[in-house]
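First the structure, in the form of structure tokens, and then the observations on it.
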Amino acid sequence: MKNSAVLFDTLFTFAAVFFAALFISDWFLRDARVFPFAVTAALFVSYFVLRRHRKKPLRKAPDTLDALLNKFVFSPPEYALSFSRKALERKGTVQRKNKLLRVGTTAFYPCFLPEPLTAANVTEGYARAVKLGAKRLVILSAYGAASETAALAARLQDPQTEVWDFARVYAFFCYLGHPPTQTLRLKSQKKRFALKDAVARPKAIKYVFTATVLLFFARFAPFAPLYAVTAAVCFTLALVCLFLSHGTETHKKHKKRE
């Protein structure tokens, strides 16, 4: 599916650039050089389009990427260690020791938690990497690290420490030729429309702004009565927002007095 999409995109780009160059060059040259110029321009642009597709890392839809991430987060730690080891074996010989995976002088620490990493998580991985004698430590995580923790990791040297979020981890696994395939989908939360949210006090200013814009365009656009009626509805909703919020505040004050 991906290859067919790349082929279609390349062919479509070639055709579009060819006809555009043919028309433009014919306007200026008006001789036999028109056709070679159009073919050359189309091949030139198509080459860079194809090259961009090849360099482009594999991407997943957000919901699919979340499902892949959930499999790492909500599985036993052995799953992340085992999968990461199989992926790193494509890079070189992997040495596993004390929950770390070492390839050459780089140690990888799979630490997929359902929240950003804390300083304790980074310190734990750093201490293990020091014992292992690694020169570089890469912590594979789900949601990266909190801002303060990320700043702390950036200052750690010998081994030099990096924290990767799952988007970067996924791109790395794809680069190694071993992308994750197992998913774990969570039940989606259905959002219900609440009438009180539509007539909340902060919405009043939005209704007024919308009504003002509609009245402005009603002077120039066709179907002016439709604009005016919609603006009147927006003004009415703004008044309802203010009235209901005032009534709620008054009710709360009476309750406090009681």
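Ordered as shown in the structure tokens, chains take letters A, B, and onward, while each chain numbers its residues from 1 and ligands are numbered from 1 in the order shown.
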
If you count only C-alpha atoms, which residues fall within 6 Å of stretch 132-149 of chain A, apart from same-chain ones fewer than 4 positions away, as a PDB file with all heavy atoms, in the first residue's frame?
ATOM      1  N   THR A 105      29.629   0.901  22.977  1.00  0.00           N
ATOM      2  CA  THR A 105      29.815   1.739  24.170  1.00  0.00           C
ATOM      3  C   THR A 105      28.518   2.422  24.599  1.00  0.00           C
ATOM      4  O   THR A 105      28.535   3.257  25.499  1.00  0.00           O
ATOM      5  CB  THR A 105      30.876   2.821  23.894  1.00  0.00           C
ATOM      6  OG1 THR A 105      30.458   3.618  22.774  1.00  0.00           O
ATOM      7  CG2 THR A 105      32.217   2.185  23.587  1.00  0.00           C
ATOM      8  N   THR A 106      27.402   2.076  23.956  1.00  0.00           N
ATOM      9  CA  THR A 106      26.110   2.697  24.253  1.00  0.00           C
ATOM     10  C   THR A 106      25.224   1.726  25.020  1.00  0.00           C
ATOM     11  O   THR A 106      25.093   0.557  24.622  1.00  0.00           O
ATOM     12  CB  THR A 106      25.393   3.131  22.964  1.00  0.00           C
ATOM     13  OG1 THR A 106      26.240   4.017  22.225  1.00  0.00           O
ATOM     14  CG2 THR A 106      24.090   3.842  23.284  1.00  0.00           C
ATOM     15  N   ALA A 107      24.622   2.205  26.094  1.00  0.00           N
ATOM     16  CA  ALA A 107      23.701   1.405  26.894  1.00  0.00           C
ATOM     17  C   ALA A 107      22.282   1.922  26.688  1.00  0.00           C
ATOM     18  O   ALA A 107      22.042   3.142  26.745  1.00  0.00           O
ATOM     19  CB  ALA A 107      24.073   1.467  28.371  1.00  0.00           C
ATOM     20  N   PHE A 108      21.343   1.021  26.448  1.00  0.00           N
ATOM     21  CA  PHE A 108      19.933   1.370  26.274  1.00  0.00           C
ATOM     22  C   PHE A 108      19.152   0.871  27.487  1.00  0.00           C
ATOM     23  O   PHE A 108      19.304  -0.286  27.896  1.00  0.00           O
ATOM     24  CB  PHE A 108      19.380   0.745  24.993  1.00  0.00           C
ATOM     25  CG  PHE A 108      19.981   1.305  23.739  1.00  0.00           C
ATOM     26  CD1 PHE A 108      21.155   0.765  23.221  1.00  0.00           C
ATOM     27  CD2 PHE A 108      19.385   2.364  23.070  1.00  0.00           C
ATOM     28  CE1 PHE A 108      21.722   1.273  22.064  1.00  0.00           C
ATOM     29  CE2 PHE A 108      19.944   2.883  21.916  1.00  0.00           C
ATOM     30  CZ  PHE A 108      21.114   2.336  21.410  1.00  0.00           C
ATOM     31  N   TYR A 109      18.335   1.751  28.031  1.00  0.00           N
ATOM     32  CA  TYR A 109      17.572   1.424  29.238  1.00  0.00           C
ATOM     33  C   TYR A 109      16.085   1.563  28.933  1.00  0.00           C
ATOM     34  O   TYR A 109      15.529   2.662  28.992  1.00  0.00           O
ATOM     35  CB  TYR A 109      17.977   2.356  30.377  1.00  0.00           C
ATOM     36  CG  TYR A 109      17.208   2.148  31.658  1.00  0.00           C
ATOM     37  CD1 TYR A 109      16.855   0.883  32.102  1.00  0.00           C
ATOM     38  CD2 TYR A 109      16.823   3.247  32.440  1.00  0.00           C
ATOM     39  CE1 TYR A 109      16.152   0.703  33.285  1.00  0.00           C
ATOM     40  CE2 TYR A 109      16.113   3.078  33.623  1.00  0.00           C
ATOM     41  CZ  TYR A 109      15.779   1.804  34.030  1.00  0.00           C
ATOM     42  OH  TYR A 109      15.074   1.620  35.202  1.00  0.00           O
ATOM     43  N   PRO A 110      15.385   0.460  28.597  1.00  0.00           N
ATOM     44  CA  PRO A 110      13.940   0.532  28.369  1.00  0.00           C
ATOM     45  C   PRO A 110      13.205   0.808  29.678  1.00  0.00           C
ATOM     46  O   PRO A 110      13.285   0.032  30.625  1.00  0.00           O
ATOM     47  CB  PRO A 110      13.595  -0.865  27.821  1.00  0.00           C
ATOM     48  CG  PRO A 110      14.891  -1.445  27.365  1.00  0.00           C
ATOM     49  CD  PRO A 110      15.926  -0.875  28.293  1.00  0.00           C
ATOM     50  N   CYS A 111      12.510   1.932  29.713  1.00  0.00           N
ATOM     51  CA  CYS A 111      11.785   2.325  30.930  1.00  0.00           C
ATOM     52  C   CYS A 111      10.466   2.960  30.497  1.00  0.00           C
ATOM     53  O   CYS A 111      10.293   4.179  30.518  1.00  0.00           O
ATOM     54  CB  CYS A 111      12.620   3.302  31.750  1.00  0.00           C
ATOM     55  SG  CYS A 111      11.910   3.731  33.355  1.00  0.00           S
ATOM     56  N   PHE A 112       9.508   2.115  30.126  1.00  0.00           N
ATOM     57  CA  PHE A 112       8.227   2.590  29.605  1.00  0.00           C
ATOM     58  C   PHE A 112       7.214   2.677  30.745  1.00  0.00           C
ATOM     59  O   PHE A 112       6.660   1.666  31.177  1.00  0.00           O
ATOM     60  CB  PHE A 112       7.728   1.655  28.503  1.00  0.00           C
ATOM     61  CG  PHE A 112       8.605   1.647  27.282  1.00  0.00           C
ATOM     62  CD1 PHE A 112       9.597   0.682  27.133  1.00  0.00           C
ATOM     63  CD2 PHE A 112       8.459   2.609  26.303  1.00  0.00           C
ATOM     64  CE1 PHE A 112      10.405   0.675  26.018  1.00  0.00           C
ATOM     65  CE2 PHE A 112       9.277   2.607  25.170  1.00  0.00           C
ATOM     66  CZ  PHE A 112      10.255   1.637  25.037  1.00  0.00           C
ATOM     67  N   PRO A 116       5.551  10.773  32.423  1.00  0.00           N
ATOM     68  CA  PRO A 116       6.917  11.229  32.163  1.00  0.00           C
ATOM     69  C   PRO A 116       7.877  10.752  33.244  1.00  0.00           C
ATOM     70  O   PRO A 116       7.504  10.622  34.418  1.00  0.00           O
ATOM     71  CB  PRO A 116       6.783  12.764  32.171  1.00  0.00           C
ATOM     72  CG  PRO A 116       5.361  13.019  31.829  1.00  0.00           C
ATOM     73  CD  PRO A 116       4.581  11.892  32.438  1.00  0.00           C
ATOM     74  N   LEU A 117       9.109  10.484  32.846  1.00  0.00           N
ATOM     75  CA  LEU A 117      10.094   9.974  33.794  1.00  0.00           C
ATOM     76  C   LEU A 117      10.463  11.043  34.821  1.00  0.00           C
ATOM     77  O   LEU A 117      10.473  12.233  34.531  1.00  0.00           O
ATOM     78  CB  LEU A 117      11.348   9.526  33.044  1.00  0.00           C
ATOM     79  CG  LEU A 117      11.172   8.407  32.014  1.00  0.00           C
ATOM     80  CD1 LEU A 117      12.530   8.000  31.464  1.00  0.00           C
ATOM     81  CD2 LEU A 117      10.457   7.209  32.613  1.00  0.00           C
ATOM     82  N   THR A 118      10.774  10.574  36.004  1.00  0.00           N
ATOM     83  CA  THR A 118      11.207  11.454  37.080  1.00  0.00           C
ATOM     84  C   THR A 118      12.723  11.364  37.230  1.00  0.00           C
ATOM     85  O   THR A 118      13.383  10.547  36.590  1.00  0.00           O
ATOM     86  CB  THR A 118      10.529  11.071  38.403  1.00  0.00           C
ATOM     87  OG1 THR A 118      10.926   9.733  38.760  1.00  0.00           O
ATOM     88  CG2 THR A 118       9.014  11.112  38.261  1.00  0.00           C
ATOM     89  N   ALA A 119      13.259  12.199  38.125  1.00  0.00           N
ATOM     90  CA  ALA A 119      14.697  12.187  38.364  1.00  0.00           C
ATOM     91  C   ALA A 119      15.147  10.844  38.923  1.00  0.00           C
ATOM     92  O   ALA A 119      16.262  10.384  38.646  1.00  0.00           O
ATOM     93  CB  ALA A 119      15.069  13.317  39.314  1.00  0.00           C
ATOM     94  N   ASP A 158      29.479  11.168  31.067  1.00  0.00           N
ATOM     95  CA  ASP A 158      30.251   9.978  31.436  1.00  0.00           C
ATOM     96  C   ASP A 158      29.430   8.989  32.273  1.00  0.00           C
ATOM     97  O   ASP A 158      29.756   8.768  33.433  1.00  0.00           O
ATOM     98  CB  ASP A 158      31.520  10.390  32.189  1.00  0.00           C
ATOM     99  CG  ASP A 158      32.543   9.262  32.217  1.00  0.00           C
ATOM    100  OD1 ASP A 158      32.468   8.373  31.345  1.00  0.00           O
ATOM    101  OD2 ASP A 158      33.392   9.253  33.135  1.00  0.00           O
ATOM    102  N   PRO A 159      28.406   8.387  31.750  1.00  0.00           N
ATOM    103  CA  PRO A 159      28.004   8.423  30.336  1.00  0.00           C
ATOM    104  C   PRO A 159      27.083   9.599  29.995  1.00  0.00           C
ATOM    105  O   PRO A 159      26.328  10.072  30.847  1.00  0.00           O
ATOM    106  CB  PRO A 159      27.251   7.097  30.176  1.00  0.00           C
ATOM    107  CG  PRO A 159      26.651   6.852  31.520  1.00  0.00           C
ATOM    108  CD  PRO A 159      27.664   7.353  32.504  1.00  0.00           C
ATOM    109  N   GLN A 160      27.182  10.029  28.772  1.00  0.00           N
ATOM    110  CA  GLN A 160      26.273  11.058  28.262  1.00  0.00           C
ATOM    111  C   GLN A 160      24.871  10.474  28.188  1.00  0.00           C
ATOM    112  O   GLN A 160      24.654   9.404  27.639  1.00  0.00           O
ATOM    113  CB  GLN A 160      26.729  11.521  26.888  1.00  0.00           C
ATOM    114  CG  GLN A 160      25.894  12.631  26.301  1.00  0.00           C
ATOM    115  CD  GLN A 160      26.395  13.036  24.931  1.00  0.00           C
ATOM    116  OE1 GLN A 160      27.443  12.563  24.478  1.00  0.00           O
ATOM    117  NE2 GLN A 160      25.646  13.901  24.274  1.00  0.00           N
ATOM    118  N   THR A 161      23.880  11.190  28.753  1.00  0.00           N
ATOM    119  CA  THR A 161      22.538  10.634  28.937  1.00  0.00           C
ATOM    120  C   THR A 161      21.520  11.334  28.049  1.00  0.00           C
ATOM    121  O   THR A 161      21.518  12.564  27.951  1.00  0.00           O
ATOM    122  CB  THR A 161      22.106  10.751  30.409  1.00  0.00           C
ATOM    123  OG1 THR A 161      23.104  10.139  31.234  1.00  0.00           O
ATOM    124  CG2 THR A 161      20.774  10.056  30.647  1.00  0.00           C
ATOM    125  N   GLU A 162      20.662  10.542  27.416  1.00  0.00           N
ATOM    126  CA  GLU A 162      19.573  11.050  26.587  1.00  0.00           C
ATOM    127  C   GLU A 162      18.281  10.335  26.966  1.00  0.00           C
ATOM    128  O   GLU A 162      18.297   9.154  27.306  1.00  0.00           O
ATOM    129  CB  GLU A 162      19.854  10.811  25.095  1.00  0.00           C
ATOM    130  CG  GLU A 162      21.132  11.443  24.597  1.00  0.00           C
ATOM    131  CD  GLU A 162      21.410  11.073  23.148  1.00  0.00           C
ATOM    132  OE1 GLU A 162      20.446  10.721  22.434  1.00  0.00           O
ATOM    133  OE2 GLU A 162      22.588  11.125  22.730  1.00  0.00           O
ATOM    134  N   VAL A 163      17.165  11.063  26.901  1.00  0.00           N
ATOM    135  CA  VAL A 163      15.847  10.488  27.165  1.00  0.00           C
ATOM    136  C   VAL A 163      15.018  10.622  25.903  1.00  0.00           C
ATOM    137  O   VAL A 163      14.789  11.734  25.422  1.00  0.00           O
ATOM    138  CB  VAL A 163      15.145  11.190  28.352  1.00  0.00           C
ATOM    139  CG1 VAL A 163      13.775  10.567  28.591  1.00  0.00           C
ATOM    140  CG2 VAL A 163      15.998  11.102  29.605  1.00  0.00           C
ATOM    141  N   TRP A 164      14.561   9.490  25.359  1.00  0.00           N
ATOM    142  CA  TRP A 164      13.765   9.490  24.136  1.00  0.00           C
ATOM    143  C   TRP A 164      12.313   9.198  24.465  1.00  0.00           C
ATOM    144  O   TRP A 164      12.017   8.298  25.255  1.00  0.00           O
ATOM    145  CB  TRP A 164      14.265   8.417  23.171  1.00  0.00           C
ATOM    146  CG  TRP A 164      15.619   8.694  22.586  1.00  0.00           C
ATOM    147  CD1 TRP A 164      16.412   9.768  22.840  1.00  0.00           C
ATOM    148  CD2 TRP A 164      16.348   7.873  21.656  1.00  0.00           C
ATOM    149  NE1 TRP A 164      17.574   9.683  22.123  1.00  0.00           N
ATOM    150  CE2 TRP A 164      17.566   8.532  21.391  1.00  0.00           C
ATOM    151  CE3 TRP A 164      16.075   6.667  21.033  1.00  0.00           C
ATOM    152  CZ2 TRP A 164      18.516   8.001  20.522  1.00  0.00           C
ATOM    153  CZ3 TRP A 164      17.018   6.135  20.163  1.00  0.00           C
ATOM    154  CH2 TRP A 164      18.228   6.798  19.914  1.00  0.00           C
ATOM    155  N   ASP A 165      11.398   9.956  23.853  1.00  0.00           N
ATOM    156  CA  ASP A 165       9.982   9.633  23.977  1.00  0.00           C
ATOM    157  C   ASP A 165       9.623   8.559  22.958  1.00  0.00           C
ATOM    158  O   ASP A 165      10.457   8.125  22.160  1.00  0.00           O
ATOM    159  CB  ASP A 165       9.117  10.883  23.805  1.00  0.00           C
ATOM    160  CG  ASP A 165       9.310  11.537  22.447  1.00  0.00           C
ATOM    161  OD1 ASP A 165      10.007  10.958  21.585  1.00  0.00           O
ATOM    162  OD2 ASP A 165       8.781  12.636  22.236  1.00  0.00           O
ATOM    163  N   PHE A 166       8.368   8.102  22.981  1.00  0.00           N
ATOM    164  CA  PHE A 166       8.015   6.941  22.172  1.00  0.00           C
ATOM    165  C   PHE A 166       8.056   7.240  20.680  1.00  0.00           C
ATOM    166  O   PHE A 166       8.338   6.353  19.871  1.00  0.00           O
ATOM    167  CB  PHE A 166       6.633   6.410  22.546  1.00  0.00           C
ATOM    168  CG  PHE A 166       6.314   5.092  21.895  1.00  0.00           C
ATOM    169  CD1 PHE A 166       6.930   3.934  22.307  1.00  0.00           C
ATOM    170  CD2 PHE A 166       5.406   5.023  20.846  1.00  0.00           C
ATOM    171  CE1 PHE A 166       6.665   2.721  21.702  1.00  0.00           C
ATOM    172  CE2 PHE A 166       5.117   3.816  20.240  1.00  0.00           C
ATOM    173  CZ  PHE A 166       5.754   2.660  20.666  1.00  0.00           C
TER     174      PHE A 166
END

A:Phe172: which residues within 12 Å, counting only C-alpha atoms, same-chain residues fewer than 3 positions away excluded, as a short mmCIF file (atom, residue, chain, number, x, y, z; two decimals) with C-alpha atoms, in the first residue's frame?
data_model
loop_
_atom_site.label_atom_id
_atom_site.label_comp_id
_atom_site.auth_asym_id
_atom_site.auth_seq_id
_atom_site.Cartn_x
_atom_site.Cartn_y
_atom_site.Cartn_z
CA PRO A 57 10.47 7.54 8.44
CA LEU A 58 7.51 5.23 8.75
CA ARG A 59 4.59 7.03 10.32
CA SER A 84 14.39 -3.81 22.37
CA ALA A 87 15.72 -4.66 17.52
CA LEU A 88 19.24 -3.79 18.71
CA ARG A 90 20.23 -5.74 14.01
CA LYS A 91 22.73 -3.06 15.01
CA VAL A 138 19.84 6.20 26.01
CA LEU A 140 13.74 4.58 26.06
CA TRP A 164 13.76 9.49 24.14
CA ASP A 165 9.98 9.63 23.98
CA PHE A 166 8.02 6.94 22.17
CA ALA A 167 7.82 8.83 18.86
CA ARG A 168 11.60 8.84 18.68
CA VAL A 169 11.81 5.27 19.97
CA TYR A 175 15.29 2.52 11.30
CA LEU A 176 16.65 -0.77 12.65
CA GLY A 177 14.10 -2.63 10.54
CA HIS A 178 12.19 -4.03 13.51
CA PRO A 179 9.06 -1.87 14.01
CA PRO A 180 6.57 -2.76 16.76
#

Of the candidates A:Asn98, A:Ser46, A:Thr236, A:Ser82, which shows the shortest atom-to-atom distance to A:Ile205, using only C-alpha atoms?
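Under the stated criterion, the closest residue is A:Thr236.
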
Report as number ranges by chain: the residues of stretch 13-229 of chain A with a DSSP assignment of helix (DSSP H, G or I), based on the backbone of this structure.
A: 13-28, 34-55, 62-73, 77-88, 119-132, 147-155, 166-175, 195-198, 203-218, 224-229

Calculated over only C-alpha atoms, which of the candidates A:Ala20, A:Leu69, A:Val34, A:Val233 has the smallest distance to A:Tyr170?
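Under the stated criterion, the closest residue is A:Leu69.
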
For the strand (DSSP E) assignment from backbone DSSP, which residues of stretch 62-191 of chain A qualify? Please present them as a ChimeraX atom specification.
/A:95-97,100-103,106-110,136-140,160-164

Under the rule that only C-alpha atoms are counted, which of A:Tyr47, A:Phe74, A:Tyr207, A:Tyr79 is the nearest residue to A:Thr13?
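Counting only C-alpha atoms, the residue closest to A:Thr13 is A:Tyr47.
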
From the set A:Phe37, A:Phe18, A:Phe216, A:Phe72, which residue has the shortest atom-to-atom contact distance to A:Thr181, counting only C-alpha atoms?
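Going through A:Phe37, A:Phe18, A:Phe216, A:Phe72 one by one, the smallest distance to A:Thr181 is for A:Phe72.
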
Separation of atom CA of A:Gln95 from atom CA of A:Tyr126 in Å:
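Rounded to one decimal, the two atoms are 16.7 Å apart.
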
What separation in Å, quoted to one decimal, exists between atom CA of A:Gly125 and atom CA of A:Cys174?
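Between atom CA of A:Gly125 and atom CA of A:Cys174 the gap works out to 23.9 Å.
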
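Note that atom CA of A:Ala67 and atom CA of A:Arg185 are 4.9 Å apart.
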